[in-house]
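*Asks:* Below you'll find final39.pdb; it's PDB, C-alpha atoms.
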ATOM      1  CA  MET A   1    -237.099-135.657 136.703
ATOM      2  CA  PRO A   2    -239.125-138.855 137.063
ATOM      3  CA  LEU A   3    -239.511-140.690 140.307
ATOM      4  CA  ASP A   4    -236.900-143.273 141.150
ATOM      5  CA  SER A   5    -238.091-146.641 142.430
ATOM      6  CA  VAL A   6    -235.381-146.594 145.106
ATOM      7  CA  GLU A   7    -236.750-143.339 146.521
ATOM      8  CA  ILE A   8    -240.294-144.705 146.557
ATOM      9  CA  LEU A   9    -239.033-147.777 148.398
ATOM     10  CA  LEU A  10    -237.120-145.619 150.888
ATOM     11  CA  VAL A  11    -240.045-143.301 151.700
ATOM     12  CA  THR A  12    -242.362-146.303 152.102
ATOM     13  CA  ALA A  13    -239.927-148.019 154.445
ATOM     14  CA  LEU A  14    -239.346-144.790 156.385
ATOM     15  CA  LEU A  15    -243.048-144.151 156.948
ATOM     16  CA  LEU A  16    -243.645-147.813 157.842
ATOM     17  CA  CYS A  17    -240.835-147.813 160.411
ATOM     18  CA  ALA A  18    -242.045-144.536 161.944
ATOM     19  CA  LEU A  19    -245.618-145.830 162.156
ATOM     20  CA  GLN A  20    -244.489-149.064 163.785
ATOM     21  CA  ALA A  21    -242.375-147.103 166.273
ATOM     22  CA  VAL A  22    -245.518-145.280 167.444
ATOM     23  CA  ARG A  23    -247.817-148.329 167.300
ATOM     24  CA  ALA A  24    -245.552-150.874 169.022
ATOM     25  CA  THR A  25    -246.767-152.012 172.425
ATOM     26  CA  ARG A  26    -243.307-152.950 173.684
ATOM     27  CA  LEU A  27    -240.885-150.103 174.205
ATOM     28  CA  LEU A  28    -237.871-152.094 173.067
ATOM     29  CA  THR A  29    -239.581-152.874 169.761
ATOM     30  CA  ALA A  30    -240.516-149.212 169.373
ATOM     31  CA  ALA A  31    -236.906-148.143 169.948
ATOM     32  CA  ILE A  32    -235.663-150.589 167.320
ATOM     33  CA  TRP A  33    -238.273-149.384 164.812
ATOM     34  CA  LEU A  34    -237.158-145.809 165.508
ATOM     35  CA  GLY A  35    -233.540-146.756 164.827
ATOM     36  CA  ALA A  36    -234.619-148.381 161.566
ATOM     37  CA  ALA A  37    -236.488-145.192 160.623
ATOM     38  CA  SER A  38    -233.304-143.206 161.261
ATOM     39  CA  ALA A  39    -231.348-145.567 159.017
ATOM     40  CA  MET A  40    -233.937-145.209 156.238
ATOM     41  CA  LEU A  41    -233.860-141.423 156.578
ATOM     42  CA  SER A  42    -230.069-141.353 156.397
ATOM     43  CA  LEU A  43    -230.169-143.444 153.209
ATOM     44  CA  TRP A  44    -232.679-141.059 151.699
ATOM     45  CA  LEU A  45    -230.625-138.017 152.709
ATOM     46  CA  TYR A  46    -227.615-139.610 151.061
ATOM     47  CA  THR A  47    -229.509-140.022 147.803
ATOM     48  CA  LEU A  48    -230.509-136.345 148.011
ATOM     49  CA  GLY A  49    -226.846-135.320 148.120
ATOM     50  CA  ALA A  50    -226.710-134.401 151.827
ATOM     51  CA  HIS A  51    -223.864-136.780 152.600
ATOM     52  CA  ILE A  52    -222.667-135.161 155.834
ATOM     53  CA  ILE A  53    -226.106-134.974 157.392
ATOM     54  CA  ALA A  54    -226.762-138.554 156.317
ATOM     55  CA  VAL A  55    -223.723-139.768 158.243
ATOM     56  CA  ILE A  56    -224.584-137.643 161.285
ATOM     57  CA  GLU A  57    -228.195-138.856 161.259
ATOM     58  CA  LEU A  58    -227.042-142.465 161.028
ATOM     59  CA  SER A  59    -224.561-142.146 163.882
ATOM     60  CA  VAL A  60    -226.704-139.990 166.164
ATOM     61  CA  GLY A  61    -230.260-141.026 165.295
ATOM     62  CA  ALA A  62    -229.745-144.721 164.682
ATOM     63  CA  GLY A  63    -226.801-145.094 167.053
ATOM     64  CA  LEU A  64    -226.679-142.793 170.050
ATOM     65  CA  VAL A  65    -230.386-142.224 170.607
ATOM     66  CA  THR A  66    -231.237-145.918 170.147
ATOM     67  CA  VAL A  67    -228.546-146.996 172.602
ATOM     68  CA  LEU A  68    -229.699-144.439 175.164
ATOM     69  CA  MET A  69    -233.287-145.511 174.705
ATOM     70  CA  VAL A  70    -232.470-149.198 175.173
ATOM     71  CA  PHE A  71    -230.491-148.270 178.304
ATOM     72  CA  VAL A  72    -233.439-146.346 179.750
ATOM     73  CA  ILE A  73    -235.858-149.151 178.833
ATOM     74  CA  GLY A  74    -233.573-151.511 180.755
ATOM     75  CA  ILE A  75    -234.023-149.306 183.811
ATOM     76  CA  CYS A  76    -237.718-148.526 183.475
ATOM     77  CA  GLY A  77    -239.168-151.739 182.014
ATOM     78  CA  PRO A  78    -240.184-152.613 178.459
ATOM     79  CA  ASP A  79    -243.970-152.639 178.624
ATOM     80  CA  ALA A  80    -246.107-149.734 177.367
ATOM     81  CA  ARG A  81    -249.437-151.504 176.967
ATOM     82  CA  GLY A  82    -252.630-149.837 178.138
ATOM     83  CA  LYS A  83    -251.089-146.389 178.221
ATOM     84  CA  HIS A  84    -253.304-144.729 175.623
ATOM     85  CA  GLY A  85    -255.863-142.030 175.953
ATOM     86  CA  LEU A  86    -254.738-138.455 176.616
ATOM     87  CA  VAL A  87    -256.829-137.438 173.612
ATOM     88  CA  PRO A  88    -259.611-139.627 172.129
ATOM     89  CA  THR A  89    -258.405-141.508 169.080
ATOM     90  CA  TRP A  90    -261.049-140.087 166.752
ATOM     91  CA  LEU A  91    -260.142-136.540 167.774
ATOM     92  CA  ALA A  92    -256.431-137.260 167.324
ATOM     93  CA  TRP A  93    -257.035-138.647 163.834
ATOM     94  CA  GLY A  94    -259.160-135.601 162.956
ATOM     95  CA  LEU A  95    -256.472-133.206 164.127
ATOM     96  CA  VAL A  96    -253.732-135.114 162.321
ATOM     97  CA  ILE A  97    -255.655-135.206 159.041
ATOM     98  CA  SER A  98    -256.507-131.505 159.319
ATOM     99  CA  ALA A  99    -252.906-130.543 160.061
ATOM    100  CA  SER A 100    -251.586-132.696 157.214
ATOM    101  CA  ALA A 101    -254.092-131.268 154.744
ATOM    102  CA  LEU A 102    -253.223-127.712 155.790
ATOM    103  CA  LEU A 103    -249.498-128.390 155.436
ATOM    104  CA  ALA A 104    -249.941-130.003 152.026
ATOM    105  CA  ALA A 105    -252.162-127.166 150.839
ATOM    106  CA  LEU A 106    -249.567-124.661 152.028
ATOM    107  CA  VAL A 107    -246.699-126.357 150.206
ATOM    108  CA  LEU A 108    -248.372-127.645 147.026
ATOM    109  CA  PRO A 109    -248.098-126.853 144.177
ATOM    110  CA  LEU A 110    -244.331-126.648 144.346
ATOM    111  CA  THR A 111    -243.748-123.307 142.669
ATOM    112  CA  GLY A 112    -240.832-121.533 144.242
ATOM    113  CA  THR A 113    -238.951-118.484 143.091
ATOM    114  CA  PRO A 114    -235.636-119.396 141.470
ATOM    115  CA  VAL A 115    -232.625-118.765 143.654
ATOM    116  CA  PRO A 116    -229.204-117.983 142.164
ATOM    117  CA  PHE A 117    -226.818-120.876 142.560
ATOM    118  CA  ILE A 118    -224.044-120.111 145.040
ATOM    119  CA  GLN A 119    -221.239-122.651 145.256
ATOM    120  CA  THR A 120    -219.992-122.752 148.857
ATOM    121  CA  SER A 121    -218.502-125.604 150.796
ATOM    122  CA  PHE A 122    -220.191-127.080 153.844
ATOM    123  CA  ALA A 123    -217.331-125.987 156.107
ATOM    124  CA  SER A 124    -217.555-122.440 154.833
ATOM    125  CA  VAL A 125    -221.306-122.284 155.419
ATOM    126  CA  LEU A 126    -221.092-123.921 158.835
ATOM    127  CA  TRP A 127    -218.138-122.054 160.345
ATOM    128  CA  GLU A 128    -218.461-118.669 158.646
ATOM    129  CA  GLN A 129    -222.064-118.001 157.668
ATOM    130  CA  ARG A 130    -223.753-119.961 160.461
ATOM    131  CA  ALA A 131    -221.310-119.261 163.296
ATOM    132  CA  LEU A 132    -224.159-118.269 165.591
ATOM    133  CA  ASP A 133    -225.688-121.713 165.111
ATOM    134  CA  ILE A 134    -222.445-123.309 166.245
ATOM    135  CA  LEU A 135    -222.528-121.163 169.384
ATOM    136  CA  LEU A 136    -226.128-122.208 169.977
ATOM    137  CA  GLN A 137    -225.223-125.860 169.554
ATOM    138  CA  MET A 138    -222.409-125.576 172.089
ATOM    139  CA  ILE A 139    -224.747-123.921 174.576
ATOM    140  CA  LEU A 140    -227.337-126.645 173.966
ATOM    141  CA  ILE A 141    -224.812-129.419 174.502
ATOM    142  CA  PHE A 142    -223.525-127.922 177.755
ATOM    143  CA  ALA A 143    -227.086-127.264 178.957
ATOM    144  CA  GLY A 144    -228.024-130.844 178.097
ATOM    145  CA  VAL A 145    -225.067-132.332 179.948
ATOM    146  CA  ILE A 146    -225.725-130.177 183.018
ATOM    147  CA  GLY A 147    -229.424-131.027 182.880
ATOM    148  CA  VAL A 148    -228.793-134.764 182.667
ATOM    149  CA  LEU A 149    -226.282-134.642 185.520
ATOM    150  CA  GLY A 150    -228.783-132.727 187.630
ATOM    151  CA  LEU A 151    -231.622-135.066 186.799
ATOM    152  CA  LEU A 152    -229.709-138.275 187.409
ATOM    153  CA  SER A 153    -228.045-137.250 190.654
ATOM    154  CA  ASP A 154    -229.346-138.777 193.890
ATOM    155  CA  ARG A 155    -229.762-135.380 195.482
ATOM    156  CA  ASN A 156    -233.040-134.994 193.628
ATOM    157  CA  ILE A 157    -234.789-137.670 195.670
ATOM    158  CA  PRO A 158    -237.473-135.839 197.661
ATOM    159  CA  PRO A 159    -237.030-135.681 201.455
ATOM    160  CA  VAL A 160    -240.094-137.827 202.009
ATOM    161  CA  ILE A 161    -238.721-140.670 199.905
ATOM    162  CA  ALA A 162    -235.240-140.336 201.421
ATOM    163  CA  ALA A 163    -236.746-140.431 204.906
ATOM    164  CA  PHE A 164    -238.729-143.483 203.871
ATOM    165  CA  HIS A 165    -235.557-145.258 202.760
ATOM    166  CA  ASP A 166    -233.759-144.310 206.017
ATOM    167  CA  GLN A 167    -236.691-145.588 208.040
ATOM    168  CA  GLU A 168    -236.765-148.788 206.028
ATOM    169  CA  GLU A 169    -233.072-149.471 206.717
ATOM    170  CA  SER A 170    -233.437-148.849 210.470
ATOM    171  CA  VAL A 171    -236.507-151.050 210.712
ATOM    172  CA  VAL A 172    -234.890-154.185 209.267
ATOM    173  CA  PRO A 173    -232.752-155.235 212.308
ATOM    174  CA  THR A 174    -235.643-154.554 214.677
ATOM    175  CA  THR A 175    -237.845-156.853 212.626
ATOM    176  CA  VAL A 176    -235.266-159.632 212.825
ATOM    177  CA  GLU A 177    -235.033-159.071 216.557
ATOM    178  CA  VAL A 178    -238.793-159.355 216.879
ATOM    179  CA  ALA A 179    -238.749-162.591 214.905
ATOM    180  CA  ASN A 180    -236.159-164.130 217.257
ATOM    181  CA  ALA A 181    -237.711-162.845 220.465
ATOM    182  CA  PRO A 182    -240.003-164.953 222.706
ATOM    183  CA  SER A 183    -243.627-164.656 221.755
ATOM    184  CA  SER A 184    -244.730-163.680 225.271
ATOM    185  CA  VAL A 185    -242.879-160.338 225.378
ATOM    186  CA  GLU A 186    -244.329-157.131 224.016
ATOM    187  CA  SER A 187    -241.061-155.561 222.872
ATOM    188  CA  PRO A 188    -237.680-157.091 221.980
ATOM    189  CA  ARG A 189    -235.962-154.137 223.668
ATOM    190  CA  ALA A 190    -237.194-155.480 227.049
ATOM    191  CA  TRP A 191    -234.727-158.411 226.823
ATOM    192  CA  THR A 192    -230.929-158.381 226.894
ATOM    193  CA  GLU A 193    -228.221-161.005 226.415
ATOM    194  CA  THR A 194    -226.105-161.867 229.526
ATOM    195  CA  PRO A 195    -223.682-164.765 230.268
ATOM    196  CA  GLU A 196    -226.505-166.376 232.209
ATOM    197  CA  GLY A 197    -228.907-166.099 229.286
ATOM    198  CA  LYS A 198    -231.691-163.718 228.313
ATOM    199  CA  VAL A 199    -232.940-161.555 231.163
ATOM    200  CA  ARG A 200    -235.655-158.958 231.283
ATOM    201  CA  VAL A 201    -234.322-155.432 231.641
TER
ATOM    202  CA  MET B   1    -249.836-134.080 137.155
ATOM    203  CA  ASN B   2    -246.273-135.353 136.833
ATOM    204  CA  LEU B   3    -244.892-136.437 140.179
ATOM    205  CA  THR B   4    -241.336-135.334 140.896
ATOM    206  CA  PRO B   5    -238.936-136.354 143.698
ATOM    207  CA  MET B   6    -239.891-133.148 145.490
ATOM    208  CA  HIS B   7    -243.508-134.293 145.671
ATOM    209  CA  LEU B   8    -242.275-137.523 147.206
ATOM    210  CA  ILE B   9    -240.263-135.562 149.775
ATOM    211  CA  VAL B  10    -243.266-133.409 150.646
ATOM    212  CA  GLY B  11    -245.280-136.590 151.085
ATOM    213  CA  GLY B  12    -242.601-137.999 153.356
ATOM    214  CA  VAL B  13    -242.432-134.825 155.440
ATOM    215  CA  VAL B  14    -246.215-134.634 155.793
ATOM    216  CA  GLY B  15    -246.398-138.339 156.656
ATOM    217  CA  LEU B  16    -243.672-138.155 159.278
ATOM    218  CA  GLY B  17    -245.251-135.031 160.764
ATOM    219  CA  ALA B  18    -248.649-136.717 160.911
ATOM    220  CA  ILE B  19    -247.236-139.804 162.635
ATOM    221  CA  GLY B  20    -245.340-137.661 165.144
ATOM    222  CA  VAL B  21    -248.312-135.450 165.967
ATOM    223  CA  TYR B  22    -250.551-138.515 166.340
ATOM    224  CA  GLY B  23    -248.059-140.062 168.758
ATOM    225  CA  LEU B  24    -247.833-136.868 170.787
ATOM    226  CA  LEU B  25    -251.617-136.620 171.034
ATOM    227  CA  VAL B  26    -252.429-140.241 171.836
ATOM    228  CA  MET B  27    -249.530-141.617 173.884
ATOM    229  CA  ARG B  28    -249.186-141.328 177.659
ATOM    230  CA  ASN B  29    -245.916-143.166 178.108
ATOM    231  CA  LEU B  30    -242.983-140.762 178.439
ATOM    232  CA  LEU B  31    -240.663-142.866 176.275
ATOM    233  CA  LYS B  32    -243.287-143.060 173.525
ATOM    234  CA  LEU B  33    -243.564-139.263 173.672
ATOM    235  CA  VAL B  34    -239.791-139.011 173.182
ATOM    236  CA  ILE B  35    -240.095-141.338 170.190
ATOM    237  CA  ALA B  36    -242.862-139.159 168.717
ATOM    238  CA  LEU B  37    -240.673-136.071 169.189
ATOM    239  CA  GLN B  38    -237.812-137.833 167.428
ATOM    240  CA  ILE B  39    -240.076-138.598 164.462
ATOM    241  CA  LEU B  40    -241.107-134.933 164.272
ATOM    242  CA  GLY B  41    -237.414-133.982 164.334
ATOM    243  CA  LYS B  42    -236.756-136.323 161.414
ATOM    244  CA  ALA B  43    -239.528-134.610 159.451
ATOM    245  CA  ALA B  44    -237.876-131.239 160.122
ATOM    246  CA  VAL B  45    -234.444-132.510 159.050
ATOM    247  CA  LEU B  46    -235.850-133.946 155.839
ATOM    248  CA  ALA B  47    -237.726-130.730 155.062
ATOM    249  CA  LEU B  48    -234.642-128.564 155.613
ATOM    250  CA  VAL B  49    -232.381-130.719 153.458
ATOM    251  CA  ALA B  50    -235.017-130.903 150.730
ATOM    252  CA  ALA B  51    -235.466-127.128 150.804
ATOM    253  CA  GLY B  52    -231.716-126.702 150.479
ATOM    254  CA  ALA B  53    -231.538-129.165 147.611
ATOM    255  CA  ASN B  54    -234.478-127.508 145.851
ATOM    256  CA  SER B  55    -232.901-124.060 146.089
ATOM    257  CA  GLN B  56    -229.482-125.389 145.010
ATOM    258  CA  GLN B  57    -228.000-124.536 148.416
ATOM    259  CA  ILE B  58    -227.641-127.995 149.840
ATOM    260  CA  ASN B  59    -224.844-126.988 152.208
ATOM    261  CA  LEU B  60    -226.974-124.286 153.801
ATOM    262  CA  GLY B  61    -229.748-126.843 154.293
ATOM    263  CA  GLN B  62    -227.282-129.293 155.790
ATOM    264  CA  SER B  63    -225.879-126.770 158.259
ATOM    265  CA  ILE B  64    -229.355-125.823 159.527
ATOM    266  CA  ALA B  65    -230.364-129.483 159.665
ATOM    267  CA  LEU B  66    -227.291-130.132 161.807
ATOM    268  CA  THR B  67    -228.569-127.614 164.349
ATOM    269  CA  VAL B  68    -231.947-129.355 164.361
ATOM    270  CA  ILE B  69    -230.295-132.749 164.910
ATOM    271  CA  VAL B  70    -228.275-131.423 167.861
ATOM    272  CA  ALA B  71    -231.318-129.784 169.440
ATOM    273  CA  ASP B  72    -233.456-132.876 168.865
ATOM    274  CA  THR B  73    -230.834-135.131 170.446
ATOM    275  CA  ILE B  74    -230.529-132.883 173.498
ATOM    276  CA  VAL B  75    -234.319-132.920 173.871
ATOM    277  CA  ALA B  76    -234.293-136.719 173.659
ATOM    278  CA  VAL B  77    -231.517-137.062 176.251
ATOM    279  CA  ILE B  78    -233.233-134.690 178.672
ATOM    280  CA  GLY B  79    -236.539-136.487 178.105
ATOM    281  CA  LEU B  80    -234.971-139.881 178.795
ATOM    282  CA  ALA B  81    -233.312-138.616 181.994
ATOM    283  CA  LEU B  82    -236.650-137.150 183.064
ATOM    284  CA  ALA B  83    -238.301-140.495 182.360
ATOM    285  CA  VAL B  84    -235.798-142.245 184.637
ATOM    286  CA  GLN B  85    -236.589-139.802 187.441
ATOM    287  CA  VAL B  86    -240.338-140.187 186.937
ATOM    288  CA  GLN B  87    -239.951-143.964 187.052
ATOM    289  CA  ARG B  88    -237.937-143.691 190.283
ATOM    290  CA  HIS B  89    -240.444-141.419 192.013
ATOM    291  CA  PHE B  90    -243.769-142.758 190.788
ATOM    292  CA  GLY B  91    -242.991-146.303 189.680
ATOM    293  CA  ALA B  92    -244.538-145.653 186.263
ATOM    294  CA  LEU B  93    -243.840-143.743 183.080
ATOM    295  CA  ASP B  94    -247.344-142.314 182.822
ATOM    296  CA  VAL B  95    -247.418-138.559 182.228
ATOM    297  CA  ARG B  96    -250.560-138.341 184.363
ATOM    298  CA  ALA B  97    -248.411-139.167 187.373
ATOM    299  CA  LEU B  98    -246.746-135.810 186.917
ATOM    300  CA  ALA B  99    -250.049-134.114 187.687
ATOM    301  CA  THR B 100    -249.668-135.165 191.321
ATOM    302  CA  LEU B 101    -246.505-133.081 191.767
ATOM    303  CA  LYS B 102    -246.795-130.352 194.389
ATOM    304  CA  GLY B 103    -244.692-127.374 195.371
TER
END
Could the structure of this file be written out as structure tokens, please?
*Replies:*
Amino acid sequence: MPLDSVEILLVTALLLCALQAVRATRLLTAAIWLGAASAMLSLWLYTLGAHIIAVIELSVGAGLVTVLMVFVIGICGPDARGKHGLVPTWLAWGLVISASALLAALVLPLTGTPVPFIQTSFASVLWEQRALDILLQMILIFAGVIGVLGLLSDRNIPPVIAAFHDQEESVVPTTVEVANAPSSVESPRAWTETPEGKVRV
Amino acid sequence: MNLTPMHLIVGGVVGLGAIGVYGLLVMRNLLKLVIALQILGKAAVLALVAAGANSQQINLGQSIALTVIVADTIVAVIGLALAVQVQRHFGALDVRALATLKG
């Protein structure tokens, strides 16, 4: 079957969006490029005949994950400039090219053994043949929810930081008191308010 | 050599995998690492669906790809929550800040 121009356009757009998502210096731009890559992938999956996965990828990949990422960027700040360098760029490129060449050499040429065609519905495969996968997905979802609740709760603030915040709150009124106190006294606690005026305790 | 749609899919999978691995190796920002992981997950989903379509068992490929999507989303959500905590504690999203953790 010859190549379709629509598929060539889709794979080009998908790779371009993915590359821009990694290269973008602003996190918000990267998140939007990632959502666009998810949309391109869902279109491609739809042309391959995987309609259900295409819809799920569009709603989860381009919808849920992008919204969550924009929300987190709103909390953490949008700038990611100057954050390169865990591995030198030349070494990273070498590793990537080596891994890609190995993967391509492993897969190509595309000569697979013919498999007998078995007509089964998606629901039958999902709920009967892959029931263990459903169980695994439920466990993953519950573990994810519990993990996120644990991570985002305020109880995880270390004692040092919590003590710092407590100290900061108790210091504020004292600072105001010092600012209003006469400059000749050493401590604002040495003065008290009486009907006759300020007197030294 | 006559190029078929399957060659195009293999090219897409290899390209997405290369971009994801490059992002994982080079980036230090936690959110960029989550993005790189998402791109690797998309490569896995595409490979599974293509394998199912090639072996005329598209529904089997879809069901396994669904598991990958769920796992990938959970990883992304946990990673984003971790990034929020790292930002709260260290004031930055740099993974090198995590090296200062003690205990």
*Asks:* What does the PyMOL selection byres ((chain B and resi 61) around 9) select in this file, as a PyMOL selection string?
*Replies:* (chain A and resi 50) or (chain B and resi 45+47-53+57-60+62-66)
*Asks:* Give the answer as one residue: which of B:Asn29, B:Thr100, B:Ser55, B:Thr73 has the shortest atom-to-atom distance to Gly41 of chain B, using only C-alpha atoms?
*Replies:* B:Thr73
*Asks:* Need the shell around segment 90-93 of chain B: protein/DNA/RNA residues with any atom at most 9 Å away, counting all atoms listed in the file. Skip same-chain ones fewer than 6 positions apart. Format as a PyMOL selection string?
*Replies:* (chain A and resi 76+80) or (chain B and resi 28-31+83-84)
*Asks:* Excluding Leu46 of chain B and residues on its chain fewer than 2 positions from it, collect all residues at most 12 Å away from it, counting only C-alpha atoms, and give them as a PyMOL selection string.
*Replies:* (chain A and resi 11+14+38+40-50+53-54+57) or (chain B and resi 6+8-17+39-44+48-54+58+61-62+64-66+68-69)
*Asks:* Would you pick out the contacts of Gln20 of chain A at 12 Å or less, using all atoms listed in the file, so that residues sharing its chain but fewer than 5 positions from it are not included, and give the list as a VMD selection string?
*Replies:* (chain A and resid 13 to 15 25 to 37) or (chain B and resid 16 19 to 20 23 32 35 to 36 39)
*Asks:* Report, in Å with one decimal, the straight-line distance from atom CA of Gly77 of chain A to atom CA of Ala21 of chain A.
*Replies:*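 Atom CA of Ala21 of chain A lies at a distance of 16.7 Å from atom CA of Gly77 of chain A.
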*Asks:* Provide the atom CA of Val145 of chain A to atom CA of Gly61 of chain A distance in Å, to one decimal place.
*Replies:*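 According to the coordinates, atom CA of Val145 of chain A and atom CA of Gly61 of chain A are separated by 17.8 Å.
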*Asks:* Could you check how far atom CA of Val60 of chain A sits from atom CA of Asp133 of chain A, in Å to one decimal?
*Replies:*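 Between atom CA of Val60 of chain A and atom CA of Asp133 of chain A the gap works out to 18.3 Å.
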*Asks:* With all atoms listed in the file as the basis for distance, which of B:Ala99, B:Asp72, B:Gln56, B:Leu37 is at the shortest distance from chain A?
*Replies:*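 Of the candidates, the smallest distance to chain A is held by B:Gln56.
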*Asks:* Rebuild N, CA and C atoms on segment 6-18 of chain A, as a PDB file, in the frame of the given file?
*Replies:*
ATOM      1  N   VAL A   6    -236.100-146.495 143.830  1.00  0.00           N
ATOM      2  CA  VAL A   6    -235.381-146.594 145.106  1.00  0.00           C
ATOM      3  C   VAL A   6    -235.924-145.570 146.103  1.00  0.00           C
ATOM      4  N   GLU A   7    -236.210-144.365 145.622  1.00  0.00           N
ATOM      5  CA  GLU A   7    -236.750-143.339 146.521  1.00  0.00           C
ATOM      6  C   GLU A   7    -238.142-143.706 147.018  1.00  0.00           C
ATOM      7  N   ILE A   8    -238.953-144.275 146.126  1.00  0.00           N
ATOM      8  CA  ILE A   8    -240.294-144.705 146.557  1.00  0.00           C
ATOM      9  C   ILE A   8    -240.177-145.795 147.621  1.00  0.00           C
ATOM     10  N   LEU A   9    -239.250-146.703 147.415  1.00  0.00           N
ATOM     11  CA  LEU A   9    -239.033-147.777 148.398  1.00  0.00           C
ATOM     12  C   LEU A   9    -238.553-147.195 149.736  1.00  0.00           C
ATOM     13  N   LEU A  10    -237.655-146.204 149.656  1.00  0.00           N
ATOM     14  CA  LEU A  10    -237.120-145.619 150.888  1.00  0.00           C
ATOM     15  C   LEU A  10    -238.202-144.875 151.667  1.00  0.00           C
ATOM     16  N   VAL A  11    -239.025-144.072 150.976  1.00  0.00           N
ATOM     17  CA  VAL A  11    -240.045-143.301 151.700  1.00  0.00           C
ATOM     18  C   VAL A  11    -241.099-144.249 152.281  1.00  0.00           C
ATOM     19  N   THR A  12    -241.406-145.321 151.559  1.00  0.00           N
ATOM     20  CA  THR A  12    -242.362-146.303 152.102  1.00  0.00           C
ATOM     21  C   THR A  12    -241.801-146.969 153.353  1.00  0.00           C
ATOM     22  N   ALA A  13    -240.544-147.368 153.278  1.00  0.00           N
ATOM     23  CA  ALA A  13    -239.927-148.019 154.445  1.00  0.00           C
ATOM     24  C   ALA A  13    -239.806-147.048 155.613  1.00  0.00           C
ATOM     25  N   LEU A  14    -239.469-145.787 155.320  1.00  0.00           N
ATOM     26  CA  LEU A  14    -239.346-144.790 156.385  1.00  0.00           C
ATOM     27  C   LEU A  14    -240.669-144.568 157.111  1.00  0.00           C
ATOM     28  N   LEU A  15    -241.745-144.387 156.327  1.00  0.00           N
ATOM     29  CA  LEU A  15    -243.048-144.151 156.948  1.00  0.00           C
ATOM     30  C   LEU A  15    -243.528-145.390 157.711  1.00  0.00           C
ATOM     31  N   LEU A  16    -243.241-146.572 157.167  1.00  0.00           N
ATOM     32  CA  LEU A  16    -243.645-147.813 157.842  1.00  0.00           C
ATOM     33  C   LEU A  16    -242.909-147.967 159.179  1.00  0.00           C
ATOM     34  N   CYS A  17    -241.612-147.691 159.172  1.00  0.00           N
ATOM     35  CA  CYS A  17    -240.835-147.813 160.411  1.00  0.00           C
ATOM     36  C   CYS A  17    -241.304-146.799 161.447  1.00  0.00           C
ATOM     37  N   ALA A  18    -241.576-145.562 161.003  1.00  0.00           N
ATOM     38  CA  ALA A  18    -242.045-144.536 161.944  1.00  0.00           C
ATOM     39  C   ALA A  18    -243.402-144.903 162.529  1.00  0.00           C
TER      40      ALA A  18
END
